[in-house]
Amino acid sequence: MSRDDMDRRAFLKQAAAGGLAAYEVLGSYPLFATTSPAYTPPVYIRENIPSIPYPLHSGTWYDDNVPDTPDLFEMAKLLVNGLTGPNDPRADYEQYFGPNLGSNPPVMGHDWSDQCQMRSMKALPLMRHISGSDFNHEIDQVWMNVVLRSIGPDGLYYVPTRGRPWAHRYVESIPDGTYTADGTTVAPDDPSVTQYMYSFHPGYAISTMMIYYLRDGNPIWRKQIENMIEGILKLAVHKEDYCFVPAAEFEPNAKVPPTAKMPVGQLAVNSSTWLLDGLGKYYQLTGYPPAKELGRKLVNYLRHQGQYFDENGGCFDLAPDFMANHFHSHSVSLVVMLDYAAAVNDRELIGYVQRNYECFKSKGHALTGFFPESAISDYPSCATCEIADMIALSLKLTMLGVGDYWDDADRWLRNQFVENQLTPQKADQIRGLSQRLKLPAQPADGFYVTDDRVVDRNMGSFAGWASANEWFDDEMRRKGRGGIMHCCTGNAAQTVFYLWKQMLEYSEGELRVNLLLNRASPWADLYSHIPYEGRLDVKMKKQARKVLVRAPEWVNQPSLSKMTCTVNGTTRDCQLRGRYLDAGAAKPGDEMVLRFPISERTVSNQKIGNRTYALVVKGNTVISVDPAGEQCPMYARSQYRGSAAPRRTVRRFLAGDEIAW
C-alpha cells in the first residue's frame, strides 16, 4: 500500500467518525476500482407488496405572460429533472449521490451515500405539485414500490446489499458496526449482512409515506408509519427522559443491549436527527401518541445529552474541526426540532430554536445567504443544505409568530439559493470546463459508473461546494470535490415547497402576500417585476375583504409613504399596517398594481468564505460581485440594472389539491 493510500484511509476514517457522507471525503482519488462486478436487480426484504397506484398530479394549465424574474415554479420544474435524472434504471432508479462534474468527462457512480436519495423521494411529489411536470413520471411508481418493498417484518426500513455491490463502499462511516438479531455486532461489509437499516432510513421513510398519504388518503400508509414508529421505540435505548440508537447499522430484528455506547458529537445527529424527521408532522396530522413520545425523547437527547448543542441555545463554537462545526448537521437538527415543537406547542423549545437561529446567522453572510459547509474560520465553500435549512427556519419561525424573518428568506432565496441551482446557462459553462482547464481524459471505468449525459441529467440540482462567485469553486474542484451532493438537491427542493406555500396566504377572506415573487394560486396570480423595478401586480381570482402586501426591508421608513396602489387603473388610498400595505377589498378580475422605490447600492469589504468581495445590490438582490467568477460565475446579472422587466410566455400550473406539508 502506498503512502498516499495510507493517508487517504486515515483521512476517511477521521472524517467518517463524524458521519461525513462518503463522497465528501474522497479527495482527488478515483471513484472506483478499475473493475466493478456485474450486478443483478436489488433483492428487497419484502417480496409481496400491496398494489397502490401512484396518483397523477392533476390540476389546471393555462398560458400566461409573466415578468422574467425569479420564479419558484421554474425552479421546481427544473428540480424535477435534478431529482429524477441522475438515477440508475438498472437499480430501481437509485440515485448517484455525488456526480463529479470536474472530471473529463463528467461521471457519476454509486456508493454508500446513495441512500440520501430518500430526501429526493420525499421531495419529488412536492415539486410535481408546484410545477405539474410529469417528466420521468415512471420513476414515481418505482420509488413508491421501493418504499413498500423495503419495510421488514419488524416495521423498519431496510436497504439490500444483494444486487447493490456498492452498498458498503466506504463503510468507515459506521463506527459501531452492524447490530444483529442476537445483540452482537459484525462489520457492516460482513457477507452475512444482506439487509441493513441506518438511522437515515425510517425517519425519511415516515416523511415520504406521509406525503403519499396526504395525496391518496390510503390507510395503509398510516399503518406502515405507525409500525415504523413502534419499531424505532423498540430498537432505541431508553434512559429516563431521553432515548438514542447507537451509531451503527441494524439487521432485521436487531437487538441493541441497554449498555450500548451512546453517540455524542456529530454522531448524535447521525443517530437521532434523521429519526426525528417526520415525527412532529405525523403527530400534528394524527395525534398518534407514540410519535409524540418518541419525538420528545429524541429532542431531549439531542439537546441535553448529545454534546453537539449549547443547551440554552447559544452559538455552536466547538473545536476547530470540520464535523464538530458542520453547519448542516446543526441546522437540520433545528428544523426537525422546530417541527416537533410546533406540533406539541412547546413554546420553550420554539424559543430555544429561535435563539440558535439568531446565533447561526452570525456564522455566515446574512446578506447573500452564504453559510459555510463548516463554521470554521475562512471555510471557502457553501453547500446548499445549510442555506435550505436556514430559509426553512426563517419561514417556520415567522409562521409560528415568534419573529419576523421574511426578509431573511427573501435575501437568501434571491441570492445564494437561486444562484446555487444548476441552470441551463451554468450547465453550458460546466460542459466547457474540461476544455478550458485542459483536464486530462479519464473515461468512466466500472459497471456502476456512468458518463452518460451527466451534466444534462443533473440540471436543476444544487451545488455542493459553491463560493460567493463560482458555482463550482476551483479551489474545491482541485481538492476533488465534484460539484454536487444530492443531499443538497433533495433538501433544497423541500425548501422550495416551503417558500412557494408560505409566500401567499388566504384565510377568512384576507389575502396576504409575504414574498414578492411570481406565483399562480387559486386566489390571485402574482407578477413580480423585482429587481428591475419596485412593482408587484396582483390579478384577483377570488373575493377578498382585504389584500395585504408586505413591503421588503429595503423599502425603508421614509420610502413606505411613497408606495402607491392602483386598482383597475384607478389610484387607491392604501394604509400602512406595520410592514404591510393594506390595499383594501378586491373582487375577482380586479388588477392591482403596487409600486415602491428601489435603488442600487455598492457594499464593499464583504468577507464571504475565505475571500473579500464588493457587491452591487439592488433591493435585496445582488446583481454583481467583484472579483467576478471565472469558470462558472455566479451573480452574472447585469440585466437587472434595467428599469423594466422583460416578459415571457409560460404555461402555468395550478394543482387541483393541496399538500399540507
# chains A, B, ... in the order shown; residues from 1 in each chain; ligands from 1

$ residues_around --residues "A:Met228" --least-positions-apart "6" --cutoff "8 Å" --atoms "only C-alpha atoms" --output "ChimeraX atom specification"
/A:154-157,202,206

$ write_last_selection --atoms "C-alpha atoms" --output "mmCIF file, in the first residue's frame"
data_model
loop_
_atom_site.group_PDB
_atom_site.id
_atom_site.type_symbol
_atom_site.label_atom_id
_atom_site.label_comp_id
_atom_site.auth_asym_id
_atom_site.auth_seq_id
_atom_site.Cartn_x
_atom_site.Cartn_y
_atom_site.Cartn_z
ATOM 1 C CA ASP A 154 -40.453 -5.579 12.313
ATOM 2 C CA GLY A 155 -41.842 -2.467 10.604
ATOM 3 C CA LEU A 156 -38.453 -0.854 9.965
ATOM 4 C CA TYR A 157 -36.893 0.165 6.664
ATOM 5 C CA PRO A 202 -37.009 5.242 8.918
ATOM 6 C CA ILE A 206 -42.059 8.214 7.530
#

$ select_by_dssp --residues "stretch 76-224 of chain A" --states "helix (DSSP H, G or I)" --output "PyMOL selection string"
chain A and resi 76-84+89-91+112-131+138-149+171-173+200-216+219-224

$ closest_residue --among "A:Cys632, A:Leu439, A:Ala342, A:Ala324" --to "A:Phe309" --atoms "only C-alpha atoms"
A:Ala324

$ closest_residue --among "A:Asp68, A:Asp473, A:Glu358, A:Asp88" --to "A:Thr450" --atoms "only C-alpha atoms"
A:Asp88

$ residues_around --residues "stretch 643-656 of chain A" --least-positions-apart "4" --cutoff "7 Å" --atoms "only C-alpha atoms" --output "PyMOL selection string"
chain A and resi 58-68+129-132+520-521+529+532-533

$ write_last_selection --atoms "C-alpha atoms" --output "PDB file, in the first residue's frame"
ATOM      1  CA  SER A  58     -53.867  16.764 -11.601  1.00  0.00           C
ATOM      2  CA  GLY A  59     -54.644  20.427 -11.993  1.00  0.00           C
ATOM      3  CA  THR A  60     -55.303  23.278 -14.383  1.00  0.00           C
ATOM      4  CA  TRP A  61     -52.933  24.528 -17.052  1.00  0.00           C
ATOM      5  CA  TYR A  62     -53.169  27.946 -18.676  1.00  0.00           C
ATOM      6  CA  ASP A  63     -50.984  30.286 -20.711  1.00  0.00           C
ATOM      7  CA  ASP A  64     -49.701  33.418 -19.038  1.00  0.00           C
ATOM      8  CA  ASN A  65     -47.286  36.257 -19.686  1.00  0.00           C
ATOM      9  CA  VAL A  66     -45.057  36.974 -16.695  1.00  0.00           C
ATOM     10  CA  PRO A  67     -42.051  39.141 -15.840  1.00  0.00           C
ATOM     11  CA  ASP A  68     -38.779  37.288 -16.369  1.00  0.00           C
ATOM     12  CA  HIS A 129     -47.333  19.566  -7.120  1.00  0.00           C
ATOM     13  CA  ILE A 130     -45.859  23.015  -7.818  1.00  0.00           C
ATOM     14  CA  SER A 131     -44.876  22.520 -11.450  1.00  0.00           C
ATOM     15  CA  GLY A 132     -47.282  19.900 -12.772  1.00  0.00           C
ATOM     16  CA  ALA A 520     -50.130  31.318  -9.534  1.00  0.00           C
ATOM     17  CA  SER A 521     -52.732  30.488  -6.899  1.00  0.00           C
ATOM     18  CA  HIS A 529     -41.031  42.963 -11.507  1.00  0.00           C
ATOM     19  CA  TYR A 532     -35.907  45.565 -12.326  1.00  0.00           C
ATOM     20  CA  GLU A 533     -38.393  47.888 -10.657  1.00  0.00           C
TER      21      GLU A 533
END

$ closest_residue --among "A:Ser207, A:Ser377, A:Gln435, A:Ser599" --to "A:Gly280" --atoms "only C-alpha atoms"
A:Ser207

$ select_by_dssp --residues "stretch 488-627 of chain A" --states "strand (DSSP E)" --output "PyMOL selection string"
chain A and resi 504-507+510-513+524-528+535-540+546-550+564-567+570-571+575-577+580-582+591-595+600-608+611-618+621-626

$ closest_atom_pairs --of "stretch 394-468 of chain A" --to "stretch 562-585 of chain A" --cutoff "12 Å" --atoms "only C-alpha atoms" --output "tab-separated table"
residue	atom	partner	partner_atom	distance
A:Asp404	CA	A:Arg579	CA	10.0
A:Tyr405	CA	A:Arg579	CA	12.0
A:Trp406	CA	A:Arg579	CA	10.5
A:Asp407	CA	A:Arg579	CA	10.9

$ write_last_selection --atoms "N, CA and C atoms" --output "PDB file, in the first residue's frame"
ATOM      1  N   ASP A 404     -40.154  38.080  12.885  1.00  0.00           N
ATOM      2  CA  ASP A 404     -40.457  38.445  11.502  1.00  0.00           C
ATOM      3  C   ASP A 404     -39.183  38.245  10.692  1.00  0.00           C
ATOM      4  N   TYR A 405     -39.103  37.100  10.015  1.00  0.00           N
ATOM      5  CA  TYR A 405     -37.893  36.749   9.275  1.00  0.00           C
ATOM      6  C   TYR A 405     -38.149  36.647   7.770  1.00  0.00           C
ATOM      7  N   TRP A 406     -39.215  37.301   7.287  1.00  0.00           N
ATOM      8  CA  TRP A 406     -39.491  37.259   5.854  1.00  0.00           C
ATOM      9  C   TRP A 406     -38.316  37.807   5.047  1.00  0.00           C
ATOM     10  N   ASP A 407     -37.676  38.846   5.553  1.00  0.00           N
ATOM     11  CA  ASP A 407     -36.582  39.447   4.786  1.00  0.00           C
ATOM     12  C   ASP A 407     -35.366  38.538   4.731  1.00  0.00           C
TER      13      ASP A 407
END

$ closest_residue --among "A:Gly642, A:Gly403, A:Gly183, A:Gly102" --to "A:Glu600" --atoms "only C-alpha atoms"
A:Gly642
